[in-house]
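**Q** File name start.txt; file contents compact mmCIF, C-alpha atoms; full text below.
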```txt
# COMPACT_ATOMS: atom_id res chain seq x y z
CA MET A 1250 -16.64 8.49 -1.98
CA THR A 1251 -18.64 8.69 -5.22
CA LYS A 1252 -21.38 6.23 -6.14
CA LYS A 1253 -19.35 5.35 -9.23
CA LEU A 1254 -16.41 4.23 -7.07
CA LEU A 1255 -18.71 2.30 -4.75
CA TYR A 1256 -20.33 0.43 -7.63
CA LEU A 1257 -16.90 -0.30 -9.09
CA LEU A 1258 -15.66 -1.82 -5.82
CA VAL A 1259 -18.77 -3.94 -5.46
CA ALA A 1260 -18.41 -5.15 -9.04
CA ILE A 1261 -14.76 -6.06 -8.40
CA CYS A 1262 -15.74 -8.01 -5.32
CA LEU A 1263 -18.54 -9.89 -7.05
CA ALA A 1264 -16.11 -10.81 -9.81
CA CYS A 1265 -13.53 -12.21 -7.36
CA ALA A 1266 -15.04 -15.69 -7.29
CA GLU A 1267 -14.84 -15.89 -11.05
CA SER A 1268 -11.29 -14.53 -11.19
CA MET A 1269 -10.11 -17.09 -8.66
CA GLU A 1270 -10.77 -19.71 -11.32
CA ALA A 1271 -8.25 -18.05 -13.64
CA GLN A 1272 -5.04 -19.84 -14.51
CA GLU A 1273 -2.56 -19.91 -11.64
CA THR A 1274 1.14 -20.01 -12.34
CA THR A 1275 3.89 -21.91 -10.56
CA ILE A 1276 7.46 -20.82 -11.18
CA ALA A 1277 9.90 -23.60 -12.04
CA PRO A 1278 13.54 -23.34 -10.91
CA GLN A 1279 15.35 -21.11 -13.38
CA ASN A 1280 18.28 -23.46 -13.96
CA GLN A 1281 16.39 -26.74 -14.06
CA ASN A 1282 18.56 -27.76 -17.03
CA GLY A 1283 21.76 -27.11 -15.10
CA ASN A 1284 22.47 -23.75 -16.74
CA THR A 1285 23.60 -20.63 -14.92
CA VAL A 1286 20.86 -18.19 -13.91
CA ASN A 1287 21.77 -14.55 -14.53
CA VAL A 1288 19.88 -12.26 -12.19
CA GLY A 1289 19.64 -8.49 -12.57
CA VAL A 1290 18.59 -6.02 -9.87
CA MET A 1291 17.72 -2.51 -11.08
CA LEU A 1292 16.60 -0.51 -8.07
CA PRO A 1293 17.70 2.60 -6.15
CA LEU A 1294 20.64 1.07 -4.31
CA HIS A 1295 22.13 3.99 -2.41
CA ASP A 1296 22.25 5.63 1.02
CA VAL A 1297 20.82 8.99 -0.02
CA ASP A 1298 17.26 8.52 1.22
CA GLY A 1299 14.76 6.01 2.54
CA ASP A 1300 14.05 4.54 -0.89
CA GLY A 1301 17.70 3.66 -1.35
CA ARG A 1302 18.10 2.19 2.11
CA ARG A 1303 14.94 0.10 1.80
CA MET A 1304 15.89 -1.25 -1.62
CA THR A 1305 19.43 -1.97 -0.44
CA GLU A 1306 17.95 -4.13 2.30
CA TYR A 1307 15.67 -5.84 -0.25
CA TYR A 1308 18.76 -6.55 -2.41
CA ARG A 1309 20.55 -8.00 0.59
CA GLY A 1310 17.64 -10.40 1.07
CA ILE A 1311 18.08 -11.54 -2.52
CA LEU A 1312 21.77 -12.14 -1.85
CA LEU A 1313 20.99 -14.28 1.22
CA ALA A 1314 18.62 -16.41 -0.85
CA VAL A 1315 21.17 -16.77 -3.65
CA LYS A 1316 23.83 -17.87 -1.18
CA GLU A 1317 21.45 -20.56 0.07
CA LEU A 1318 20.57 -21.69 -3.46
CA LYS A 1319 24.24 -21.91 -4.40
CA ALA A 1320 24.87 -24.09 -1.36
CA GLU A 1321 22.19 -26.41 -2.77
CA GLY A 1322 24.05 -26.65 -6.07
CA MET A 1323 22.42 -23.96 -8.22
CA ASN A 1324 24.54 -21.79 -10.49
CA VAL A 1325 23.50 -18.17 -10.02
CA ASN A 1326 25.14 -14.89 -10.99
CA VAL A 1327 23.77 -11.58 -9.67
CA ARG A 1328 24.44 -8.13 -11.09
CA ALA A 1329 23.01 -4.97 -9.57
CA TRP A 1330 22.57 -1.47 -10.99
CA ASN A 1331 21.70 1.65 -9.01
CA VAL A 1332 18.63 3.17 -10.69
CA PRO A 1333 17.52 6.18 -8.59
CA ILE A 1334 14.34 8.14 -9.07
CA ASP A 1335 15.87 10.67 -11.50
CA ALA A 1336 17.68 8.06 -13.63
CA ASP A 1337 16.93 7.33 -17.26
CA PRO A 1338 16.66 3.52 -17.25
CA ARG A 1339 17.73 3.43 -20.90
CA THR A 1340 21.24 4.32 -19.76
CA THR A 1341 21.26 1.33 -17.41
CA LEU A 1342 19.85 -1.01 -20.04
CA LEU A 1343 22.72 -0.17 -22.40
CA GLN A 1344 25.33 -1.41 -19.94
CA ASN A 1345 27.14 -4.72 -20.33
CA GLY A 1346 25.37 -7.78 -18.99
CA THR A 1347 21.78 -6.55 -19.14
CA THR A 1348 20.81 -8.64 -22.16
CA ASP A 1349 22.26 -11.76 -20.50
CA CYS A 1350 19.77 -11.62 -17.62
CA ASN A 1351 17.18 -14.35 -17.25
CA ILE A 1352 15.27 -12.33 -14.66
CA ILE A 1353 15.33 -8.70 -13.54
CA PHE A 1354 13.92 -7.35 -10.27
CA SER A 1355 12.83 -3.81 -11.13
CA PRO A 1356 11.76 -1.00 -10.89
CA LEU A 1357 10.64 0.91 -7.82
CA TYR A 1358 9.21 3.87 -9.73
CA THR A 1359 6.20 3.81 -12.04
CA LYS A 1360 7.77 6.05 -14.68
CA GLN A 1361 10.49 3.44 -15.28
CA VAL A 1362 8.17 0.46 -15.77
CA LYS A 1363 7.43 0.72 -19.48
CA THR A 1364 11.03 1.26 -20.59
CA ILE A 1365 12.38 -1.68 -18.58
CA GLY A 1366 9.32 -3.78 -19.41
CA ASP A 1367 9.75 -3.25 -23.17
CA PHE A 1368 13.42 -4.23 -22.83
CA CYS A 1369 12.53 -7.42 -20.95
CA ARG A 1370 9.91 -8.33 -23.52
CA ALA A 1371 12.33 -7.78 -26.39
CA TYR A 1372 14.96 -10.05 -24.83
CA ASN A 1373 12.51 -12.54 -23.24
CA ILE A 1374 13.56 -11.70 -19.67
CA LYS A 1375 11.24 -12.19 -16.69
CA MET A 1376 10.59 -8.86 -14.99
CA VAL A 1377 9.52 -8.84 -11.34
CA ILE A 1378 7.97 -5.60 -10.08
CA PRO A 1379 8.30 -6.06 -6.32
CA PHE A 1380 6.55 -3.03 -4.85
CA SER A 1381 3.79 -0.50 -5.40
CA ILE A 1382 3.47 1.04 -8.86
CA ASN A 1383 0.65 2.62 -10.84
CA GLY A 1384 -0.45 1.77 -14.35
CA ASN A 1385 -1.43 -1.40 -16.14
CA GLU A 1386 1.69 -2.55 -17.99
CA VAL A 1387 1.20 -6.00 -16.46
CA ASP A 1388 -2.00 -6.31 -18.52
CA LYS A 1389 -0.03 -5.74 -21.74
CA ASN A 1390 3.36 -7.33 -21.20
CA PRO A 1391 3.54 -11.15 -20.76
CA ASN A 1392 7.02 -10.92 -19.21
CA ILE A 1393 5.89 -8.92 -16.17
CA TYR A 1394 5.17 -10.39 -12.73
CA GLN A 1395 3.54 -7.77 -10.51
CA VAL A 1396 3.83 -8.67 -6.83
CA TYR A 1397 2.04 -5.71 -5.26
CA SER A 1398 -1.72 -5.81 -4.67
CA SER A 1399 -3.55 -2.48 -4.52
CA PRO A 1400 -5.76 -1.53 -1.54
CA ASP A 1401 -8.82 -1.82 -3.80
CA GLU A 1402 -7.89 -5.41 -4.66
CA MET A 1403 -7.37 -6.22 -0.98
CA TYR A 1404 -10.71 -4.62 -0.09
CA ALA A 1405 -12.52 -6.58 -2.78
CA THR A 1406 -11.08 -9.89 -1.58
CA SER A 1407 -11.86 -9.03 2.05
CA MET A 1408 -15.47 -8.25 1.12
CA GLN A 1409 -15.73 -11.63 -0.55
CA ARG A 1410 -14.19 -13.43 2.42
CA ILE A 1411 -16.56 -11.75 4.90
CA ALA A 1412 -19.59 -12.51 2.74
CA GLU A 1413 -18.58 -16.19 2.39
CA ASP A 1414 -16.57 -17.20 5.47
CA PHE A 1415 -18.54 -15.20 8.05
CA ALA A 1416 -21.99 -15.88 6.66
CA GLY A 1417 -23.31 -16.95 10.08
CA PHE A 1418 -22.12 -13.78 11.83
CA HIS A 1419 -24.02 -10.60 12.62
CA PRO A 1420 -21.99 -7.67 11.18
CA VAL A 1421 -21.61 -4.59 13.36
CA PHE A 1422 -20.03 -1.46 11.86
CA ILE A 1423 -18.51 1.03 14.30
CA ASP A 1424 -18.27 4.65 13.18
CA CYS A 1425 -15.01 5.91 14.70
CA ASN A 1426 -15.52 9.61 13.83
CA ASP A 1427 -12.12 9.60 12.12
CA THR A 1428 -12.18 12.45 9.59
CA THR A 1429 -8.85 11.31 8.14
CA SER A 1430 -10.01 7.75 7.40
CA ARG A 1431 -10.05 6.34 3.88
CA LYS A 1432 -11.88 3.15 4.84
CA GLY A 1433 -15.26 4.35 3.58
CA ALA A 1434 -14.75 2.60 0.25
CA PHE A 1435 -14.42 -0.70 2.09
CA THR A 1436 -17.22 -0.31 4.64
CA PHE A 1437 -19.74 1.13 2.17
CA GLY A 1438 -18.84 -1.50 -0.40
CA LEU A 1439 -19.21 -4.29 2.16
CA ARG A 1440 -22.57 -2.93 3.31
CA ALA A 1441 -23.79 -2.89 -0.30
CA ILE A 1442 -22.81 -6.55 -0.72
CA LEU A 1443 -24.49 -7.55 2.55
CA GLU A 1444 -27.66 -5.75 1.49
CA LYS A 1445 -27.58 -7.51 -1.87
CA LYS A 1446 -27.37 -10.84 -0.02
CA GLY A 1447 -30.15 -9.87 2.39
CA VAL A 1448 -27.83 -9.88 5.43
CA GLN A 1449 -28.93 -7.61 8.26
CA TYR A 1450 -26.27 -5.52 9.97
CA ASN A 1451 -26.14 -2.73 12.54
CA ILE A 1452 -24.20 0.51 12.77
CA THR A 1453 -23.09 2.09 16.04
CA ASN A 1454 -20.69 4.82 17.11
CA LEU A 1455 -17.75 5.14 19.50
CA ARG A 1456 -19.57 8.09 21.07
CA SER A 1457 -22.70 6.08 21.75
CA SER A 1458 -23.64 5.35 25.35
CA ASP A 1459 -22.85 1.83 26.54
CA GLU A 1460 -26.57 1.05 26.46
CA MET A 1461 -27.03 2.21 22.87
CA PHE A 1462 -23.76 0.56 21.83
CA ALA A 1463 -24.94 -2.80 23.20
CA LYS A 1464 -28.19 -2.64 21.18
CA ALA A 1465 -26.18 -3.04 17.95
CA PHE A 1466 -25.00 -6.53 18.97
CA SER A 1467 -26.74 -9.88 18.69
CA LEU A 1468 -27.10 -12.23 21.64
CA ASN A 1469 -27.96 -15.17 19.39
CA GLN A 1470 -25.25 -14.95 16.70
CA PRO A 1471 -21.52 -14.29 16.87
CA ASN A 1472 -20.87 -10.65 16.01
CA LEU A 1473 -18.29 -9.53 13.45
CA VAL A 1474 -17.08 -6.01 14.24
CA ILE A 1475 -15.74 -3.78 11.45
CA LEU A 1476 -14.33 -0.30 12.13
CA ASN A 1477 -14.24 2.50 9.57
CA SER A 1478 -10.74 3.51 10.69
CA GLY A 1479 -7.37 1.78 10.61
CA ARG A 1480 -5.71 4.02 13.20
CA SER A 1481 -4.45 2.85 16.57
CA PRO A 1482 -6.32 5.38 18.80
CA GLU A 1483 -9.68 4.45 17.30
CA LEU A 1484 -8.88 0.74 17.55
CA ARG A 1485 -8.01 1.12 21.22
CA ALA A 1486 -11.20 3.08 21.90
CA ALA A 1487 -13.28 0.44 20.10
CA MET A 1488 -11.75 -2.37 22.15
CA ASP A 1489 -12.40 -0.38 25.33
CA LYS A 1490 -16.07 -0.19 24.32
CA LEU A 1491 -16.06 -3.93 23.62
CA ASP A 1492 -14.53 -4.55 27.07
CA ALA A 1493 -17.43 -2.72 28.69
CA LEU A 1494 -19.92 -4.53 26.46
CA THR A 1495 -18.64 -8.03 27.25
CA ARG A 1496 -18.39 -7.32 30.97
CA ALA A 1497 -22.04 -6.31 31.07
CA ASN A 1498 -23.22 -9.00 28.63
CA THR A 1499 -21.28 -12.20 29.19
CA GLY A 1500 -23.15 -14.08 26.47
CA VAL A 1501 -22.10 -11.73 23.65
CA ARG A 1502 -19.64 -13.32 21.22
CA VAL A 1503 -17.37 -10.91 19.34
CA SER A 1504 -14.83 -11.21 16.53
CA LEU A 1505 -12.91 -8.31 15.00
CA PHE A 1506 -12.11 -7.91 11.31
CA GLY A 1507 -9.29 -5.44 10.78
CA TYR A 1508 -6.92 -3.87 8.28
CA THR A 1509 -3.39 -4.70 7.15
CA GLU A 1510 -1.90 -1.66 8.90
CA TRP A 1511 -3.05 -3.10 12.23
CA LEU A 1512 -0.07 -5.44 11.99
CA MET A 1513 2.10 -2.44 12.90
CA TYR A 1514 0.45 -2.49 16.34
CA ALA A 1515 0.83 -6.23 16.97
CA ARG A 1516 3.26 -5.92 19.87
CA ILE A 1517 0.81 -3.62 21.66
CA TYR A 1518 -2.51 -5.28 20.95
CA LYS A 1519 -1.90 -8.96 20.27
CA ASP A 1520 -3.31 -10.06 23.63
CA ARG A 1521 -6.44 -7.96 23.18
CA TRP A 1522 -6.81 -9.25 19.61
CA ALA A 1523 -6.73 -12.77 20.97
CA LYS A 1524 -9.52 -11.86 23.38
CA TYR A 1525 -11.67 -10.71 20.45
CA ASP A 1526 -10.82 -13.49 18.00
CA THR A 1527 -9.33 -11.02 15.51
CA TYR A 1528 -8.83 -11.50 11.77
CA ILE A 1529 -6.43 -9.22 9.87
CA PRO A 1530 -6.27 -9.35 6.04
CA THR A 1531 -2.84 -9.07 4.44
CA ASN A 1532 -0.57 -10.38 1.72
CA PHE A 1533 2.45 -10.62 4.03
CA PHE A 1534 3.07 -11.76 7.59
CA TYR A 1535 6.32 -11.71 9.57
CA ASN A 1536 6.00 -14.01 12.56
CA GLU A 1537 8.72 -12.93 14.97
CA GLN A 1538 8.07 -16.00 17.13
CA SER A 1539 9.02 -18.38 14.30
CA ALA A 1540 12.35 -20.16 14.78
CA ARG A 1541 12.99 -19.88 11.03
CA VAL A 1542 12.44 -16.12 11.12
CA GLN A 1543 14.72 -15.74 14.11
CA GLN A 1544 17.44 -17.70 12.32
CA PHE A 1545 17.02 -15.47 9.26
CA GLU A 1546 17.48 -12.38 11.42
CA LYS A 1547 20.72 -13.85 12.79
CA ARG A 1548 21.96 -14.61 9.26
CA TYR A 1549 21.24 -11.05 8.17
CA ARG A 1550 22.99 -9.59 11.22
CA TRP A 1551 26.04 -11.81 10.70
CA ALA A 1552 26.28 -11.05 6.96
CA PHE A 1553 25.73 -7.28 7.07
CA HIS A 1554 26.71 -6.36 10.66
CA GLN A 1555 23.42 -4.64 11.45
CA ASP A 1556 19.80 -5.43 12.16
CA MET A 1557 17.06 -5.18 9.57
CA MET A 1558 15.03 -2.00 9.43
CA ASN A 1559 11.93 -1.85 11.61
CA ALA A 1560 9.39 -1.83 8.78
CA LEU A 1561 6.36 -3.67 7.47
CA PRO A 1562 6.90 -5.55 5.35
CA HIS A 1563 10.51 -6.37 6.25
CA PHE A 1564 12.43 -5.65 3.06
CA ALA A 1565 15.19 -8.22 3.47
CA ALA A 1566 12.64 -10.97 4.07
CA THR A 1567 10.70 -9.77 1.02
CA GLY A 1568 13.79 -9.95 -1.17
CA TYR A 1569 14.61 -13.39 0.19
CA ASP A 1570 11.12 -14.72 -0.55
CA HIS A 1571 11.07 -13.26 -4.06
CA ALA A 1572 14.47 -14.72 -4.91
CA MET A 1573 13.64 -18.16 -3.54
CA TYR A 1574 10.42 -18.22 -5.56
CA PHE A 1575 11.59 -16.80 -8.87
CA ILE A 1576 15.13 -18.22 -8.94
CA GLY A 1577 14.74 -21.42 -6.94
CA GLY A 1578 11.10 -22.18 -7.68
CA LYS A 1579 10.34 -22.57 -3.96
CA SER A 1580 6.98 -21.59 -2.51
CA GLN A 1581 8.04 -21.76 1.15
CA TRP A 1582 8.03 -18.21 2.41
CA MET A 1583 9.57 -16.24 5.24
CA GLN A 1584 7.04 -13.42 5.03
CA THR A 1585 5.55 -13.02 1.56
CA PRO A 1586 3.51 -15.80 -0.08
CA LEU A 1587 3.19 -15.56 -3.87
CA LYS A 1588 0.30 -16.85 -5.95
CA PHE A 1589 0.23 -15.55 -9.50
CA GLN A 1590 -2.61 -15.52 -11.99
CA LYS A 1591 -2.24 -14.85 -15.70
CA THR A 1592 -3.92 -11.72 -16.99
CA PRO A 1593 -5.70 -11.99 -20.37
CA GLY A 1594 -3.07 -11.18 -22.97
CA GLY A 1595 -0.57 -9.87 -20.45
CA GLY A 1596 1.62 -10.86 -17.54
CA TYR A 1597 0.92 -12.10 -14.05
CA ARG A 1598 -0.60 -10.57 -10.91
CA ASN A 1599 0.02 -11.80 -7.40
CA LYS A 1600 -3.29 -12.86 -5.85
CA ALA A 1601 -1.92 -14.14 -2.53
CA TYR A 1602 -4.21 -13.27 0.37
CA MET A 1603 -4.15 -14.26 4.02
CA LEU A 1604 -6.19 -13.75 7.15
CA ILE A 1605 -3.99 -13.58 10.23
CA HIS A 1606 -6.13 -15.05 12.99
CA TYR A 1607 -5.36 -14.10 16.59
CA LYS A 1608 -7.16 -16.91 18.38
CA ASN A 1609 -8.77 -16.88 21.82
CA ASP A 1610 -6.17 -19.36 23.11
CA GLY A 1611 -3.31 -17.01 22.19
CA GLY A 1612 -2.26 -18.89 19.06
CA ILE A 1613 -1.83 -17.25 15.67
CA ASP A 1614 -2.88 -18.83 12.38
CA ALA A 1615 -2.02 -17.57 8.90
CA ILE A 1616 -4.97 -18.72 6.78
CA GLN A 1617 -4.01 -18.70 3.10
CA TYR A 1618 -6.43 -18.43 0.19
```
Turn this file's structure into structure tokens for me.

**A**
Amino acid sequence: MTKKLLYLLVAICLACAESMEAQETTIAPQNQNGNTVNVGVMLPLHDVDGDGRRMTEYYRGILLAVKELKAEGMNVNVRAWNVPIDADPRTTLLQNGTTDCNIIFSPLYTKQVKTIGDFCRAYNIKMVIPFSINGNEVDKNPNIYQVYSSPDEMYATSMQRIAEDFAGFHPVFIDCNDTTSRKGAFTFGLRAILEKKGVQYNITNLRSSDEMFAKAFSLNQPNLVILNSGRSPELRAAMDKLDALTRANTGVRVSLFGYTEWLMYARIYKDRWAKYDTYIPTNFFYNEQSARVQQFEKRYRWAFHQDMMNALPHFAATGYDHAMYFIGGKSQWMQTPLKFQKTPGGGYRNKAYMLIHYKNDGGIDAIQY
């Protein structure tokens, strides 16, 4: 990682507090005057590859939300167009019904953003970009709502949260010797912020002896452990080291601060995370123990005669949440909270951020910011 990138990440983090004061936007129900809402979906809706299957499930989630909104008395029409990776979106935009849309969920691919975005701006249509894209069209186009948050944005917010919410903790960084890891930007950036604030921290290594490993931890303060890897084998090895540490030193207090991808391992590690008071940053959380989530899974299975894909995030739940928010104006979420802030002169970025807290008593809290 270059010094330039490190300084950029630190600058982003230090600016987070100021950006949080920016204007936040709440979406009103689209047919609050009793008119029909015309919804467009322009995504790869096919069975050719994973992109098509994932976006088909996302579209199905939208349909489940629309069915629910109609039952509540809303008038909603949905039209969908298959826009695969090699499509020219101009061909789709020329089809009947596109100019009648009040809102369009699209696209999946970066190269299609500007064309569809210019169309939505010309016809005053809200454009929701639901997943990862590159570029900065959202900073130029006031009709765009960009849901996806980049890893750099997540890292910057996590740095801020650690610096503020864990101010009384002693940070301990564990080098996991993972040559494939891309977490250096986060750990180096966080260390720079801690140094700027005068916070002392220690660095240890998974290969260290138990005696040397223990010297990195405080007996007087709670310790916040941060790994420089997001992989499961390194996480397991780190928790094994912590097991040995806490057996030999019963007074040591430990909390773990993880990465979003750890949620993929929840079924394996949730009990061990509870033991170590673990916090995982994310902008989505699918609680399989929730009665509402379980009912949603049944509705999906009944409507489409199959289970949802085993993925994070769950695409049907994502589509459902987006539709309920943008069409129905509802902020209750199944998996994906939305909290938009206006960009200067452009559209809106989603700034939703959560810490999923696996508590010592076995409970799970989703702490929203």

**Q** Under the rule that only C-alpha atoms are counted, which of A:Ser1458, A:Asn1383, A:Thr1341, A:Thr1436 is the nearest residue to Asn1477 (chain A)?

**A** A:Thr1436

**Q** Draw an axis-aligned box tight on the listed atoms of region 1305-1313 of chain A, then pad every side by 8 Å and write out centre and edge lengths in Å to one decimal as lines of an AutoDock Vina configuration file.

**A**
```
center_x = 18.7
center_y = -8.1
center_z = -0.1
size_x = 22.1
size_y = 28.3
size_z = 20.8
```

**Q** Report, in Å with one decimal, the straight-line distance from CA of Asp1570 (chain A) to CA of Glu1546 (chain A).

**A** 13.8 Å

**Q** Expressed in Å to a single decimal, how great is the separation between CA of Ala1565 (chain A) and CA of Ile1605 (chain A)?

**A** 21.0 Å

**Q** To one decimal in Å, tell me the separation between CA of Lys1490 (chain A) and CA of Ala1463 (chain A).

**A**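 Value for the CA of Lys1490 (chain A)-CA of Ala1463 (chain A) distance: 9.3 Å.
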
**Q** Write out as a Markdown table a residue-level contact list of region 1508-1555 of chain A versus region 1311-1324 of chain A with cut-off 9 Å: for each qualifying residue the closest pair of atoms and the distance in Å to one decimal, counting all atoms listed in the file, rows sorted by chain and residue number upward.

**A**
```
| residue | atom | partner | partner_atom | distance |
| --- | --- | --- | --- | --- |
| A:Arg1548 | CA | A:Leu1313 | CA | 8.1 |
| A:Tyr1549 | CA | A:Leu1313 | CA | 7.7 |
| A:Ala1552 | CA | A:Leu1313 | CA | 8.4 |
```

**Q** Residues of region 1372-1467 of chain A within 10 Å of region 1506-1525 of chain A: nearest atom pair and distance (Å, one decimal) for each, counting all atoms listed in the file, sorted by chain and number, as a tab-separated table?

**A**
```
residue	atom	partner	partner_atom	distance
A:Pro1400	CA	A:Thr1509	CA	9.5
A:Met1403	CA	A:Thr1509	CA	9.2
A:Tyr1404	CA	A:Tyr1508	CA	9.2
A:Ser1407	CA	A:Phe1506	CA	9.3
A:Ile1411	CA	A:Phe1506	CA	8.7
A:Pro1420	CA	A:Phe1506	CA	9.9
A:Lys1432	CA	A:Tyr1508	CA	9.3
```

**Q** Considering all atoms listed in the file, can you say which of A:Asn1609, A:Gln1584, A:Gln1344, A:Thr1429 comes closest to Val1503 (chain A)?

**A**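 Among the listed residues, the smallest separation from Val1503 (chain A) belongs to A:Asn1609.
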
**Q** Taking only C-alpha atoms into account, which of A:Tyr1397, A:Phe1462, A:Thr1495, A:Pro1338 comes nearest Pro1562 (chain A)?

**A**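 Of the candidates, the smallest distance to Pro1562 (chain A) is held by A:Tyr1397.
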
**Q** Residues of region 1441-1468 of chain A within 9 Å of region 1421-1427 of chain A: nearest atom pair and distance (Å, one decimal) for each, counting only C-alpha atoms, sorted by chain and number, as a Markdown table?

**A**
```
| residue | atom | partner | partner_atom | distance |
| --- | --- | --- | --- | --- |
| A:Tyr1450 | CA | A:Val1421 | CA | 5.8 |
| A:Asn1451 | CA | A:Val1421 | CA | 5.0 |
| A:Ile1452 | CA | A:Phe1422 | CA | 4.7 |
| A:Thr1453 | CA | A:Ile1423 | CA | 5.0 |
| A:Asn1454 | CA | A:Asp1424 | CA | 4.6 |
| A:Leu1455 | CA | A:Cys1425 | CA | 5.6 |
| A:Arg1456 | CA | A:Cys1425 | CA | 8.1 |
| A:Ala1465 | CA | A:Val1421 | CA | 6.7 |
| A:Phe1466 | CA | A:Val1421 | CA | 6.8 |
```

**Q** For Met1408 (chain A), find every residue with an atom within 8 Å (counting only C-alpha atoms), except residues of its own chain fewer than 6 positions away, and show them as a ChimeraX atom specification.

**A** /A:1262,1435,1438-1439,1442
